[in-house]
Every structure is written in C-alpha cells, then in structure tokens.
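Okay, so here's the structure we're looking at.
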Amino acid sequence: MMKNNSFNIVLFEPEIPQNTGNIVRLCACTGSNLYLVGKLGFSLSDKYLKRAGLDYWENVNIQKYNTLEDLQNDFPQSNFYYLTTKSKNLYTNKEFKSGDFFVFGPETRGLDENLLKQNSNTAITIPMMEGQRSLNLSNSVAIVIYEAIRQNG
C-alpha cells in the first residue's frame, strides 16, 4: 500500500477526453490532485471522459483554473515542473517532493516555448528514440508521477 504523497498533475488545455479520463483514474490510484487549466477541448460531461475515468471521479480532487498564472499564484511556495520534448533535462535527474506540480501541455502542441524558456531549469523531458514526436499524454503522466512516488517512498 502506498502512502499519500500529494503530488499535483496539471493538464494545460487538454484536448482528448480519453486521456484526461485515464489520468483521473491514475490520480485516484496514486492519491494525486488534478488541475485542469485553460480551455478544455471537451466537456467535463463527455461520455468518453467519464468512461475512461470509470467510477474514480469521486475519489479525486479535481480543480479547474482559467490560467496557469492563477494556479501558480495560489501555490507560490511549490515547485512547478514543465514536461516537454524540447528540454535536455531528464525527469530522472530531478529530486521531487510532496506538493510538487507537474504541468503537461495540450496533446497536439505541448507547452508554449516562451513558458519553457522562462522555466528552463524546471522544464523536464522523458527520453525517447530520436525522430519520435512524443509519448501519449496519459502514459507520460504515469511515468513521471510514479518516479516522484518512487523517490518519496
């Protein structure tokens, strides 16, 4: 049985309801909080979203924010990590702690390059074979959150 380390997953403008539903299920199983930020590419009542999340919705702390800045302002003492394919900083080289936020961008375009440049020290990546575009969003979230959990016992 895992202890609750309270990590935070941030989906900035997610586009595919099935990915978000899978991430809801992951949050329930890991005790993570979920923050949905910006314009969503689907309705929260979407049948695919609900089907992918199954009956896990009631077990997850889900909050909606209009902007990433609003979220950051509410948690000024927390670390924010930005997942991207455009960084050389491996996620496995960072030391995560309870309360950290992991920010993932939209499936089709990722996080804005200006945001990544402003946060280059906390922009992190999951290694992949050269020439591949990206991993599936829900797979990426699972990889990173379980590394954070592993590091924290």
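Scheme for the structure tokens: letters A, B, ... for chains in order shown; per-chain residue numbers from 1; ligand numbers from 1 in order shown.
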
Exercise for the section: Please provide the set of residues having any atom within 8 Å of segment 107-117 of chain A, restricted to only C-alpha atoms, with same-chain residues fewer than 3 positions apart removed, written as a list of chain:residue names. Expected result: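 The neighbour list is A:Phe12, A:Pro14, A:Glu15, A:Ile16, A:Tyr82, A:Leu83, A:Thr84, A:Phe104, A:Ser120, A:Ala123, A:Asn136, A:Leu137.
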
Which residues of segment 50-137 of chain A come within 8 Å of segment 27-31 of chain A, and what is each one's closest atom pair and distance in Å (one decimal), counting only C-alpha atoms, sorted by chain and residue number, as CSV?
```
residue,atom,partner,partner_atom,distance
A:Tyr56,CA,A:Ala28,CA,6.1
A:Trp57,CA,A:Ala28,CA,7.7
A:Asn59,CA,A:Ala28,CA,5.6
A:Val60,CA,A:Ala28,CA,5.3
```

For the residues in the current selection, export N, CA, C and O atoms as a PDB file, in the first residue's frame.
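Once everything was written out, this is part28.pdb:
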```
ATOM      1  N   TYR A  56     -13.935   6.445 -10.764  1.00  0.00           N
ATOM      2  CA  TYR A  56     -12.866   7.029  -9.962  1.00  0.00           C
ATOM      3  C   TYR A  56     -13.051   8.518  -9.694  1.00  0.00           C
ATOM      4  O   TYR A  56     -12.345   9.088  -8.875  1.00  0.00           O
ATOM      5  N   TRP A  57     -13.967   9.163 -10.403  1.00  0.00           N
ATOM      6  CA  TRP A  57     -14.133  10.615 -10.317  1.00  0.00           C
ATOM      7  C   TRP A  57     -14.321  11.099  -8.883  1.00  0.00           C
ATOM      8  O   TRP A  57     -13.741  12.109  -8.497  1.00  0.00           O
ATOM      9  N   ASN A  59     -13.195  10.002  -6.223  1.00  0.00           N
ATOM     10  CA  ASN A  59     -12.025   9.791  -5.371  1.00  0.00           C
ATOM     11  C   ASN A  59     -10.867  10.733  -5.690  1.00  0.00           C
ATOM     12  O   ASN A  59      -9.761  10.546  -5.177  1.00  0.00           O
ATOM     13  N   VAL A  60     -11.101  11.719  -6.552  1.00  0.00           N
ATOM     14  CA  VAL A  60     -10.020  12.599  -6.995  1.00  0.00           C
ATOM     15  C   VAL A  60     -10.373  14.053  -6.708  1.00  0.00           C
ATOM     16  O   VAL A  60     -11.496  14.496  -6.955  1.00  0.00           O
TER      17      VAL A  60
END
```

Handout entry: All helix (DSSP H, G or I) residues (DSSP, backbone) inside chain A, as a PyMOL selection string
Key = chain A and resi 17-30+47-53+57-59+68-74+91-93+113-118+137-151

Handout entry: Selection near Ile124 of chain A, 10 Å with only C-alpha atoms, sequence-local residues under 4 positions removed, as an NGL selection string
Key = :A and (81-94 or 102-103 or 116 or 119-120 or 144)

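With distances restricted to only C-alpha atoms, A:Asn19 is the closest residue to Leu135 of chain A from A:Glu95, A:Asp70, A:Asn19, A:Leu34.
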
Exercise for the section: Select from chain A everything DSSP, run on the backbone, classes as strand (DSSP E), then give the selection as a ChimeraX atom specification. Expected result: /A:8-12,33-37,62-65,80-83,101-104,123-124
